[in-house]
file my_file22.txt (compact mmCIF, C-alpha atoms and all ligand atoms)
# COMPACT_ATOMS: atom_id res chain seq x y z
CA MET A 1 0.00 0.00 0.00
CA TRP A 2 2.70 2.52 1.03
CA ILE A 3 6.07 3.16 -0.59
CA ASP A 4 8.87 4.69 1.49
CA THR A 5 11.01 6.23 -1.25
CA HIS A 6 14.08 6.80 0.94
CA CYS A 7 15.17 4.44 3.69
CA HIS A 8 18.78 3.67 4.71
CA TRP A 9 17.85 0.17 5.83
CA ASP A 10 21.47 -0.88 5.29
CA ALA A 11 22.72 1.65 7.86
CA PRO A 12 24.64 0.46 10.95
CA GLU A 13 21.80 1.82 13.12
CA PHE A 14 19.73 -1.18 11.94
CA ALA A 15 22.44 -3.81 12.35
CA ASP A 16 20.88 -5.37 15.45
CA ASP A 17 17.28 -5.65 14.26
CA ARG A 18 17.20 -5.25 10.48
CA ASP A 19 14.73 -8.10 9.95
CA ALA A 20 12.41 -6.80 12.67
CA VAL A 21 12.45 -3.36 11.00
CA LEU A 22 11.38 -5.01 7.72
CA ARG A 23 8.61 -6.97 9.47
CA ARG A 24 7.30 -3.87 11.24
CA ALA A 25 7.28 -1.98 7.94
CA GLN A 26 5.31 -4.75 6.24
CA ALA A 27 2.90 -5.00 9.20
CA ALA A 28 2.32 -1.25 8.87
CA GLY A 29 1.47 -1.62 5.16
CA VAL A 30 4.78 -0.29 3.84
CA GLU A 31 5.23 -2.86 1.11
CA ARG A 32 8.31 -1.28 -0.44
CA PHE A 33 11.11 0.92 0.81
CA ILE A 34 13.84 2.13 -1.50
CA VAL A 35 17.36 1.77 -0.13
CA PRO A 36 19.78 4.36 -1.57
CA THR A 37 23.47 3.65 -1.06
CA VAL A 38 26.17 6.12 -0.05
CA GLN A 39 29.56 4.63 -0.95
CA ALA A 40 31.20 1.97 -3.12
CA ALA A 41 32.15 -0.16 -0.13
CA ASP A 42 28.43 -0.76 0.61
CA TRP A 43 27.01 -1.57 -2.83
CA THR A 44 27.42 -5.34 -2.92
CA ALA A 45 26.29 -5.95 0.66
CA THR A 46 23.28 -3.65 0.27
CA GLN A 47 22.32 -5.34 -3.00
CA ALA A 48 22.47 -8.69 -1.22
CA ILE A 49 20.19 -7.74 1.67
CA CYS A 50 17.74 -5.97 -0.67
CA ARG A 51 17.62 -8.93 -3.04
CA ALA A 52 17.02 -11.32 -0.12
CA ALA A 53 14.14 -9.14 1.10
CA GLY A 54 12.76 -8.18 -2.33
CA GLN A 55 13.26 -4.47 -1.62
CA PRO A 56 14.36 -1.93 -4.26
CA TYR A 57 17.68 -0.12 -4.06
CA ALA A 58 19.78 2.55 -5.77
CA LEU A 59 23.54 2.65 -6.33
CA GLY A 60 25.57 5.80 -5.85
CA ILE A 61 28.08 7.95 -4.01
CA HIS A 62 26.56 10.38 -1.49
CA PRO A 63 28.01 13.92 -1.34
CA LEU A 64 28.98 13.45 2.33
CA PHE A 65 31.08 10.45 1.26
CA THR A 66 32.99 12.29 -1.48
CA PRO A 67 36.02 13.04 0.76
CA GLN A 68 36.91 9.33 0.88
CA ALA A 69 35.59 8.44 -2.60
CA LEU A 70 38.11 7.70 -5.35
CA ASP A 71 37.85 8.56 -9.04
CA GLU A 72 38.06 4.81 -9.58
CA ASP A 73 34.72 4.41 -7.74
CA LEU A 74 32.98 5.90 -10.79
CA ARG A 75 34.32 3.13 -12.98
CA LEU A 76 33.19 0.62 -10.34
CA LEU A 77 29.74 2.24 -10.32
CA ASP A 78 29.52 1.92 -14.09
CA ALA A 79 30.41 -1.78 -13.81
CA GLN A 80 28.01 -2.38 -10.91
CA LEU A 81 25.15 -0.70 -12.84
CA THR A 82 25.93 -2.88 -15.84
CA GLU A 83 25.97 -6.00 -13.66
CA ALA A 84 22.61 -5.06 -12.12
CA SER A 85 20.95 -3.89 -15.34
CA GLY A 86 18.74 -6.98 -15.44
CA ASP A 87 17.81 -6.71 -11.75
CA PRO A 88 14.31 -5.20 -11.42
CA LEU A 89 15.16 -4.10 -7.86
CA LEU A 90 17.69 -1.56 -9.17
CA VAL A 91 15.50 1.53 -9.57
CA ALA A 92 17.86 4.54 -9.67
CA VAL A 93 21.32 6.01 -9.34
CA GLY A 94 21.54 7.42 -5.81
CA GLU A 95 22.04 8.83 -3.41
CA ILE A 96 23.92 11.56 -5.25
CA GLY A 97 23.90 15.33 -4.98
CA LEU A 98 25.48 18.33 -3.32
CA ASP A 99 25.63 19.42 0.32
CA PHE A 100 26.61 23.03 0.99
CA PHE A 101 25.48 22.92 4.62
CA VAL A 102 27.96 20.49 6.16
CA ALA A 103 31.32 22.23 6.69
CA GLY A 104 34.59 20.91 5.33
CA LEU A 105 33.43 19.37 2.07
CA ASP A 106 35.22 20.35 -1.15
CA PRO A 107 32.58 21.87 -3.47
CA GLU A 108 34.56 21.03 -6.62
CA ARG A 109 34.99 17.41 -5.58
CA GLN A 110 31.27 17.19 -4.85
CA GLN A 111 30.43 18.70 -8.24
CA PHE A 112 32.74 16.25 -9.96
CA PHE A 113 31.04 13.19 -8.44
CA TYR A 114 27.58 14.70 -8.95
CA VAL A 115 28.00 15.43 -12.66
CA GLU A 116 29.85 12.18 -13.42
CA GLN A 117 27.06 10.21 -11.73
CA LEU A 118 24.41 12.11 -13.70
CA LYS A 119 26.25 10.98 -16.83
CA LEU A 120 26.20 7.36 -15.61
CA ALA A 121 22.46 7.63 -14.90
CA CYS A 122 21.96 8.79 -18.50
CA LYS A 123 24.16 6.04 -19.87
CA HIS A 124 22.21 3.37 -17.97
CA GLY A 125 18.79 4.92 -18.56
CA LEU A 126 18.08 5.36 -14.86
CA PRO A 127 16.51 8.19 -12.84
CA VAL A 128 18.39 9.70 -9.89
CA ILE A 129 17.74 10.16 -6.17
CA LEU A 130 19.12 13.54 -5.12
CA HIS A 131 20.44 14.81 -1.80
CA VAL A 132 19.59 18.53 -1.69
CA ARG A 133 20.95 20.68 1.11
CA ARG A 134 21.48 24.40 0.42
CA SER A 135 22.25 23.24 -3.12
CA ALA A 136 19.01 23.30 -5.13
CA ASP A 137 20.20 25.86 -7.72
CA GLN A 138 23.52 24.10 -8.29
CA LEU A 139 21.76 20.73 -8.61
CA LEU A 140 19.34 22.21 -11.12
CA ALA A 141 22.27 23.61 -13.12
CA GLY A 142 23.73 20.09 -13.34
CA LEU A 143 20.40 18.66 -14.47
CA ARG A 144 20.23 21.25 -17.24
CA ARG A 145 23.69 20.17 -18.44
CA VAL A 146 23.08 16.42 -18.24
CA ALA A 147 19.54 15.46 -19.20
CA VAL A 148 18.65 12.57 -16.87
CA SER A 149 15.14 11.12 -17.05
CA GLY A 150 14.06 12.61 -13.69
CA GLY A 151 13.82 11.09 -10.24
CA ILE A 152 13.36 12.35 -6.71
CA ALA A 153 14.72 15.42 -4.91
CA HIS A 154 14.77 13.91 -1.44
CA ALA A 155 14.04 15.80 1.82
CA PHE A 156 13.23 18.84 -0.26
CA ASN A 157 13.44 22.13 1.63
CA GLY A 158 13.77 24.82 -1.04
CA SER A 159 11.61 27.60 -2.43
CA ARG A 160 8.46 27.19 -4.50
CA GLN A 161 10.39 28.44 -7.52
CA GLN A 162 13.08 25.77 -7.04
CA ALA A 163 10.38 23.14 -6.48
CA ASP A 164 8.73 24.08 -9.77
CA ALA A 165 12.07 23.87 -11.57
CA PHE A 166 12.58 20.28 -10.33
CA LEU A 167 9.03 19.39 -11.36
CA ASP A 168 9.64 20.79 -14.85
CA LEU A 169 12.68 18.48 -15.14
CA GLY A 170 10.60 15.37 -14.37
CA PHE A 171 11.27 15.13 -10.65
CA ALA A 172 9.04 14.49 -7.67
CA LEU A 173 9.89 15.94 -4.25
CA GLY A 174 10.32 13.78 -1.15
CA PHE A 175 8.47 14.72 2.05
CA GLY A 176 8.81 13.00 5.41
CA GLY A 177 9.26 13.54 9.13
CA ALA A 178 10.23 17.22 8.78
CA MET A 179 6.69 18.18 7.74
CA THR A 180 5.31 16.81 11.03
CA PHE A 181 6.84 19.78 12.89
CA GLU A 182 4.49 22.77 13.13
CA ARG A 183 7.44 25.13 12.88
CA ALA A 184 8.55 23.73 9.49
CA LEU A 185 6.48 26.39 7.76
CA GLN A 186 8.13 26.34 4.35
CA ILE A 187 8.08 22.54 4.02
CA ARG A 188 4.47 22.39 5.23
CA ARG A 189 3.41 25.10 2.79
CA LEU A 190 5.01 23.22 -0.11
CA ALA A 191 3.47 19.90 0.97
CA ALA A 192 0.06 21.55 1.18
CA GLU A 193 0.19 23.62 -2.00
CA LEU A 194 2.29 21.80 -4.63
CA PRO A 195 0.41 19.95 -7.36
CA GLU A 196 -0.50 16.48 -6.14
CA THR A 197 1.69 14.93 -8.84
CA ALA A 198 4.75 16.50 -7.15
CA ILE A 199 4.80 14.57 -3.89
CA VAL A 200 6.37 11.30 -2.80
CA LEU A 201 6.71 10.11 0.79
CA GLU A 202 9.89 9.04 2.55
CA THR A 203 11.24 8.45 6.03
CA ASP A 204 15.00 8.84 5.41
CA SER A 205 15.34 6.23 8.19
CA PRO A 206 17.20 6.18 10.53
CA ASP A 207 17.29 9.99 10.19
CA ILE A 208 14.71 12.82 10.09
CA PRO A 209 12.51 11.50 12.91
CA PRO A 210 8.92 12.80 12.98
CA HIS A 211 8.03 14.97 15.97
CA TRP A 212 6.77 12.02 18.03
CA LEU A 213 10.20 10.37 17.83
CA TYR A 214 12.24 13.53 18.18
CA ARG A 215 14.66 13.64 21.13
CA THR A 216 16.84 16.56 22.13
CA ALA A 217 20.61 16.17 22.15
CA GLU A 218 20.42 15.88 25.96
CA GLN A 219 17.84 13.11 25.80
CA ARG A 220 19.92 11.25 23.24
CA ALA A 221 23.01 11.60 25.42
CA ALA A 222 20.96 10.00 28.21
CA GLY A 223 20.34 7.00 25.96
CA GLU A 224 16.89 7.82 24.57
CA ARG A 225 16.49 6.79 20.99
CA SER A 226 15.18 8.94 18.13
CA ARG A 227 15.72 6.40 15.36
CA ASN A 228 13.24 6.66 12.52
CA GLU A 229 12.08 3.57 10.62
CA PRO A 230 9.87 2.80 7.61
CA ALA A 231 6.97 1.58 9.78
CA GLU A 232 6.48 5.26 10.72
CA LEU A 233 5.55 6.19 7.12
CA PRO A 234 1.74 5.82 7.42
CA ARG A 235 1.64 8.09 10.47
CA ILE A 236 3.89 10.63 8.72
CA ALA A 237 1.52 10.37 5.74
CA GLY A 238 -1.32 11.28 8.09
CA THR A 239 0.20 14.76 8.42
CA LEU A 240 0.16 15.18 4.64
CA ALA A 241 -3.38 13.80 4.43
CA ALA A 242 -4.60 16.31 7.04
CA MET A 243 -2.95 19.26 5.28
CA ARG A 244 -4.29 18.27 1.85
CA GLY A 245 -7.74 17.15 2.97
CA TRP A 246 -7.09 13.69 1.56
CA SER A 247 -8.08 10.36 3.08
CA LEU A 248 -5.22 8.04 3.99
CA ALA A 249 -6.21 5.72 1.14
CA GLN A 250 -6.07 8.65 -1.31
CA THR A 251 -2.72 9.74 0.09
CA ALA A 252 -1.30 6.25 -0.39
CA ALA A 253 -2.66 5.98 -3.94
CA ILE A 254 -1.48 9.44 -5.05
CA THR A 255 2.03 9.19 -3.60
CA ARG A 256 2.43 5.63 -4.85
CA ALA A 257 1.44 6.62 -8.39
CA ASN A 258 3.95 9.48 -8.24
CA ALA A 259 6.75 7.18 -7.08
CA LEU A 260 5.99 4.75 -9.92
CA ARG A 261 5.99 7.60 -12.44
CA VAL A 262 9.41 9.00 -11.48
CA LEU A 263 11.01 5.60 -10.77
CA PRO A 264 9.38 3.46 -13.50
CA ARG A 265 11.36 0.33 -12.63
CA LEU A 266 9.47 0.16 -9.32
CA ALA A 267 6.51 -1.21 -11.27
CA ALA A 268 8.42 -4.45 -11.89
CA CYS A 269 9.61 -4.89 -8.27
ZN ZN A 301 19.59 9.61 2.34
call {"tool": "encode", "arguments": {"input": "my_file22.txt", "output": "structure tokens"}}
result
Amino acid sequence: MWIDTHCHWDAPEFADDRDAVLRRAQAAGVERFIVPTVQAADWTATQAICRAAGQPYALGIHPLFTPQALDEDLRLLDAQLTEASGDPLLVAVGEIGLDFFVAGLDPERQQFFYVEQLKLACKHGLPVILHVRRSADQLLAGLRRVAVSGGIAHAFNGSRQQADAFLDLGFALGFGGAMTFERALQIRRLAAELPETAIVLETDSPDIPPHWLYRTAEQRAAGERSRNEPAELPRIAGTLAAMRGWSLAQTAAITRANALRVLPRLAAC
């Protein structure tokens, strides 16, 4: 019924109870979650757990992992995409993008991996899953240079104008736990007002907890957990449903159709 379009199920945070996380997702009606990868060292292991569980995945180098990434990893990515070309569970190149919020990252190195991975997405006929943080305009510039077939701008938090530019390029925008916070005015306004074809749902597990899982730094230091997981998606979707005046069933159907449109290979998963 539900599709979580962004879930780092392969993350170390799930090492102790990965199977239970999958079972809770399925019990909550989250039939699919898409697992984007972040570095070459993870691709084969993540493919293996996704194939065993029948869950879709994406292959890529995340901007926060560009400091340790090697030029050679792009050749490996090309080979891995070729190897997986017949695997219906491979749905995109991702997670790729640019992060101009986190300090200490080399912008040129990020741009290099971003653009080269856009080219690989084109070569392999795959959409992309984008990490957007203070980087929407630069990401859009890359998409205008290298014409990928679209995809998802995940955890979108830009302006309406930037949102419309992504939509014009064949992208949907990912909304999740952030919109459950009353103070997230810009994200909530976008979620409420964008055309319904624009929106896909995501948890970004184990990150971006919804407000009911949020813990302050002090609480976390005291051992309280704020880990997000895909089973939270229907409740997160309830926030969107309330803002749009949709039923939960409508919300599931609309966001599912959008996910299938921007990631067409999902239909065969
Ligand atoms: Zn991510």
call {"tool": "closest_atom_pairs", "arguments": {"input": "my_file22.txt", "of": "chain A", "to": "ligand ZN 301 (chain A)", "cutoff": "12 Å", "atoms": "all atoms listed in the file", "output": "Markdown table"}}
result
| residue | atom | partner | partner_atom | distance |
| --- | --- | --- | --- | --- |
| A:Asp4 | CA | A:ZN301 | ZN | 11.8 |
| A:Thr5 | CA | A:ZN301 | ZN | 9.9 |
| A:His6 | CA | A:ZN301 | ZN | 6.3 |
| A:Cys7 | CA | A:ZN301 | ZN | 6.9 |
| A:His8 | CA | A:ZN301 | ZN | 6.4 |
| A:Trp9 | CA | A:ZN301 | ZN | 10.2 |
| A:Asp10 | CA | A:ZN301 | ZN | 11.1 |
| A:Ala11 | CA | A:ZN301 | ZN | 10.2 |
| A:Ile34 | CA | A:ZN301 | ZN | 10.2 |
| A:Val35 | CA | A:ZN301 | ZN | 8.5 |
| A:Pro36 | CA | A:ZN301 | ZN | 6.5 |
| A:Thr37 | CA | A:ZN301 | ZN | 7.9 |
| A:Val38 | CA | A:ZN301 | ZN | 7.8 |
| A:Gln39 | CA | A:ZN301 | ZN | 11.6 |
| A:Tyr57 | CA | A:ZN301 | ZN | 11.8 |
| A:Ala58 | CA | A:ZN301 | ZN | 10.8 |
| A:Leu59 | CA | A:ZN301 | ZN | 11.8 |
| A:Gly60 | CA | A:ZN301 | ZN | 10.8 |
| A:Ile61 | CA | A:ZN301 | ZN | 10.7 |
| A:His62 | CA | A:ZN301 | ZN | 8.0 |
| A:Pro63 | CA | A:ZN301 | ZN | 10.1 |
| A:Leu64 | CA | A:ZN301 | ZN | 10.1 |
| A:Phe65 | CA | A:ZN301 | ZN | 11.6 |
| A:Gly94 | CA | A:ZN301 | ZN | 8.7 |
| A:Glu95 | CA | A:ZN301 | ZN | 6.3 |
| A:Ile96 | CA | A:ZN301 | ZN | 9.0 |
| A:Gly97 | CA | A:ZN301 | ZN | 10.2 |
| A:Leu98 | CA | A:ZN301 | ZN | 11.9 |
| A:Asp99 | CA | A:ZN301 | ZN | 11.7 |
| A:Ile129 | CA | A:ZN301 | ZN | 8.7 |
| A:Leu130 | CA | A:ZN301 | ZN | 8.4 |
| A:His131 | CA | A:ZN301 | ZN | 6.7 |
| A:Val132 | CA | A:ZN301 | ZN | 9.8 |
| A:Arg133 | CA | A:ZN301 | ZN | 11.2 |
| A:Ile152 | CA | A:ZN301 | ZN | 11.3 |
| A:Ala153 | CA | A:ZN301 | ZN | 10.5 |
| A:His154 | CA | A:ZN301 | ZN | 7.5 |
| A:Ala155 | CA | A:ZN301 | ZN | 8.3 |
| A:Phe156 | CA | A:ZN301 | ZN | 11.5 |
| A:Gly174 | CA | A:ZN301 | ZN | 10.7 |
| A:Gly176 | CA | A:ZN301 | ZN | 11.7 |
| A:Glu202 | CA | A:ZN301 | ZN | 9.7 |
| A:Thr203 | CA | A:ZN301 | ZN | 9.2 |
| A:Asp204 | CA | A:ZN301 | ZN | 5.6 |
| A:Ser205 | CA | A:ZN301 | ZN | 8.0 |
| A:Pro206 | CA | A:ZN301 | ZN | 9.2 |
| A:Asp207 | CA | A:ZN301 | ZN | 8.2 |
| A:Ile208 | CA | A:ZN301 | ZN | 9.7 |
call {"tool": "write_last_selection", "arguments": {"input": "my_file22.txt", "atoms": "C-alpha atoms", "output": "compact mmCIF listing (two decimals), in the frame of the given file"}}
result
# COMPACT_ATOMS: atom_id res chain seq x y z
CA ASP A 4 8.87 4.69 1.49
CA THR A 5 11.01 6.23 -1.25
CA HIS A 6 14.08 6.80 0.94
CA CYS A 7 15.17 4.44 3.69
CA HIS A 8 18.78 3.67 4.71
CA TRP A 9 17.85 0.17 5.83
CA ASP A 10 21.47 -0.88 5.29
CA ALA A 11 22.72 1.65 7.86
CA ILE A 34 13.84 2.13 -1.50
CA VAL A 35 17.36 1.77 -0.13
CA PRO A 36 19.78 4.36 -1.57
CA THR A 37 23.47 3.65 -1.06
CA VAL A 38 26.17 6.12 -0.05
CA GLN A 39 29.56 4.63 -0.95
CA TYR A 57 17.68 -0.12 -4.06
CA ALA A 58 19.78 2.55 -5.77
CA LEU A 59 23.54 2.65 -6.33
CA GLY A 60 25.57 5.80 -5.85
CA ILE A 61 28.08 7.95 -4.01
CA HIS A 62 26.56 10.38 -1.49
CA PRO A 63 28.01 13.92 -1.34
CA LEU A 64 28.98 13.45 2.33
CA PHE A 65 31.08 10.45 1.26
CA GLY A 94 21.54 7.42 -5.81
CA GLU A 95 22.04 8.83 -3.41
CA ILE A 96 23.92 11.56 -5.25
CA GLY A 97 23.90 15.33 -4.98
CA LEU A 98 25.48 18.33 -3.32
CA ASP A 99 25.63 19.42 0.32
CA ILE A 129 17.74 10.16 -6.17
CA LEU A 130 19.12 13.54 -5.12
CA HIS A 131 20.44 14.81 -1.80
CA VAL A 132 19.59 18.53 -1.69
CA ARG A 133 20.95 20.68 1.11
CA ILE A 152 13.36 12.35 -6.71
CA ALA A 153 14.72 15.42 -4.91
CA HIS A 154 14.77 13.91 -1.44
CA ALA A 155 14.04 15.80 1.82
CA PHE A 156 13.23 18.84 -0.26
CA GLY A 174 10.32 13.78 -1.15
CA GLY A 176 8.81 13.00 5.41
CA GLU A 202 9.89 9.04 2.55
CA THR A 203 11.24 8.45 6.03
CA ASP A 204 15.00 8.84 5.41
CA SER A 205 15.34 6.23 8.19
CA PRO A 206 17.20 6.18 10.53
CA ASP A 207 17.29 9.99 10.19
CA ILE A 208 14.71 12.82 10.09
call {"tool": "closest_residue", "arguments": {"input": "my_file22.txt", "among": "A:Leu120, A:Ala165, A:Val93, A:Ala103", "to": "Pro56 in chain A", "atoms": "only C-alpha atoms"}}
result
A:Val93
call {"tool": "residues_around", "arguments": {"input": "my_file22.txt", "residues": "Gln162 in chain A", "least_positions_apart": "5", "cutoff": "10 Å", "atoms": "only C-alpha atoms", "output": "PDB file with C-alpha atoms, in the coordinates of the input"}}
result
ATOM      1  CA  ALA A 136      19.010  23.300  -5.130  1.00  0.00           C
ATOM      2  CA  ASP A 137      20.200  25.860  -7.720  1.00  0.00           C
ATOM      3  CA  LEU A 140      19.340  22.210 -11.120  1.00  0.00           C
ATOM      4  CA  PHE A 156      13.230  18.840  -0.260  1.00  0.00           C
ATOM      5  CA  ASN A 157      13.440  22.130   1.630  1.00  0.00           C
ATOM      6  CA  LEU A 167       9.030  19.390 -11.360  1.00  0.00           C
ATOM      7  CA  ASP A 168       9.640  20.790 -14.850  1.00  0.00           C
TER       8      ASP A 168
END
call {"tool": "atom_distance", "arguments": {"input": "my_file22.txt", "atom1": "CA of Arg32 in chain A", "atom2": "CA of Ala252 in chain A"}}
result
12.2 Å
call {"tool": "axis_aligned_box", "arguments": {"input": "my_file22.txt", "around": "range 256-263 of chain A", "padding_each_side": "4 Å", "output": "AutoDock Vina command-line options"}}
result
--center_x 6.2 --center_y 7.1 --center_z -8.6 --size_x 17.6 --size_y 12.7 --size_z 15.6
call {"tool": "residues_near_point", "arguments": {"input": "my_file22.txt", "point": "(-7.2, 22.7, 4.3)", "cutoff": "7 Å", "atoms": "only C-alpha atoms", "output": "PDB file with C-alpha atoms, keeping the file's coordinate frame"}}
result
ATOM      1  CA  MET A 243      -2.950  19.260   5.280  1.00  0.00           C
ATOM      2  CA  ARG A 244      -4.290  18.270   1.850  1.00  0.00           C
ATOM      3  CA  GLY A 245      -7.740  17.150   2.970  1.00  0.00           C
TER       4      GLY A 245
END
call {"tool": "closest_residue", "arguments": {"input": "my_file22.txt", "among": "A:Gly151, A:Gly125, A:Pro88, A:Gly104", "to": "Ala259 in chain A", "atoms": "all atoms listed in the file"}}
result
A:Gly151
call {"tool": "residues_around", "arguments": {"input": "my_file22.txt", "residues": "Leu233 in chain A", "least_positions_apart": "2", "cutoff": "12 Å", "atoms": "all atoms listed in the file", "output": "CSV table (one decimal) with C-alpha atoms, in the coordinates of the input"}}
result
chain,number,residue,atom,x,y,z
A,1,MET,CA,0.0,0.0,0.0
A,2,TRP,CA,2.7,2.5,1.0
A,3,ILE,CA,6.1,3.2,-0.6
A,4,ASP,CA,8.9,4.7,1.5
A,5,THR,CA,11.0,6.2,-1.2
A,6,HIS,CA,14.1,6.8,0.9
A,7,CYS,CA,15.2,4.4,3.7
A,24,ARG,CA,7.3,-3.9,11.2
A,25,ALA,CA,7.3,-2.0,7.9
A,26,GLN,CA,5.3,-4.8,6.2
A,27,ALA,CA,2.9,-5.0,9.2
A,28,ALA,CA,2.3,-1.2,8.9
A,29,GLY,CA,1.5,-1.6,5.2
A,30,VAL,CA,4.8,-0.3,3.8
A,31,GLU,CA,5.2,-2.9,1.1
A,32,ARG,CA,8.3,-1.3,-0.4
A,33,PHE,CA,11.1,0.9,0.8
A,175,PHE,CA,8.5,14.7,2.0
A,176,GLY,CA,8.8,13.0,5.4
A,177,GLY,CA,9.3,13.5,9.1
A,180,THR,CA,5.3,16.8,11.0
A,200,VAL,CA,6.4,11.3,-2.8
A,201,LEU,CA,6.7,10.1,0.8
A,202,GLU,CA,9.9,9.0,2.6
A,203,THR,CA,11.2,8.4,6.0
A,204,ASP,CA,15.0,8.8,5.4
A,205,SER,CA,15.3,6.2,8.2
A,208,ILE,CA,14.7,12.8,10.1
A,209,PRO,CA,12.5,11.5,12.9
A,210,PRO,CA,8.9,12.8,13.0
A,228,ASN,CA,13.2,6.7,12.5
A,229,GLU,CA,12.1,3.6,10.6
A,230,PRO,CA,9.9,2.8,7.6
A,231,ALA,CA,7.0,1.6,9.8
A,235,ARG,CA,1.6,8.1,10.5
A,236,ILE,CA,3.9,10.6,8.7
A,237,ALA,CA,1.5,10.4,5.7
A,238,GLY,CA,-1.3,11.3,8.1
A,239,THR,CA,0.2,14.8,8.4
A,240,LEU,CA,0.2,15.2,4.6
A,248,LEU,CA,-5.2,8.0,4.0
A,251,THR,CA,-2.7,9.7,0.1
A,252,ALA,CA,-1.3,6.2,-0.4
A,255,THR,CA,2.0,9.2,-3.6
call {"tool": "residues_around", "arguments": {"input": "my_file22.txt", "residues": "Leu90 in chain A", "least_positions_apart": "4", "cutoff": "12 Å", "atoms": "only C-alpha atoms", "output": "PyMOL selection string"}}
result
chain A and resi 34-37+43+46-48+50-51+54-60+80-86+94+121+124-128+263-269
call {"tool": "closest_residue", "arguments": {"input": "my_file22.txt", "among": "A:Lys119, A:Ala222, A:Ala53, A:His211", "to": "Arg183 in chain A", "atoms": "only C-alpha atoms"}}
result
A:His211
call {"tool": "closest_residue", "arguments": {"input": "my_file22.txt", "among": "A:Ala141, A:Ala45, A:Val91, A:Phe112", "to": "Asp71 in chain A", "atoms": "all atoms listed in the file"}}
result
A:Phe112
call {"tool": "closest_residue", "arguments": {"input": "my_file22.txt", "among": "A:Ala41, A:Ala184, A:Ala221, A:Leu190", "to": "Leu77 in chain A", "atoms": "all atoms listed in the file"}}
result
A:Ala41
call {"tool": "atom_distance", "arguments": {"input": "my_file22.txt", "atom1": "CA of Ser135 in chain A", "atom2": "CA of Glu72 in chain A"}}
result
25.1 Å
call {"tool": "atom_distance", "arguments": {"input": "my_file22.txt", "atom1": "CA of Lys123 in chain A", "atom2": "CA of Arg261 in chain A"}}
result
19.7 Å
call {"tool": "closest_residue", "arguments": {"input": "my_file22.txt", "among": "A:Phe171, A:Tyr214, A:Tyr114, A:Phe14", "to": "Arg145 in chain A", "atoms": "only C-alpha atoms"}}
result
A:Tyr114
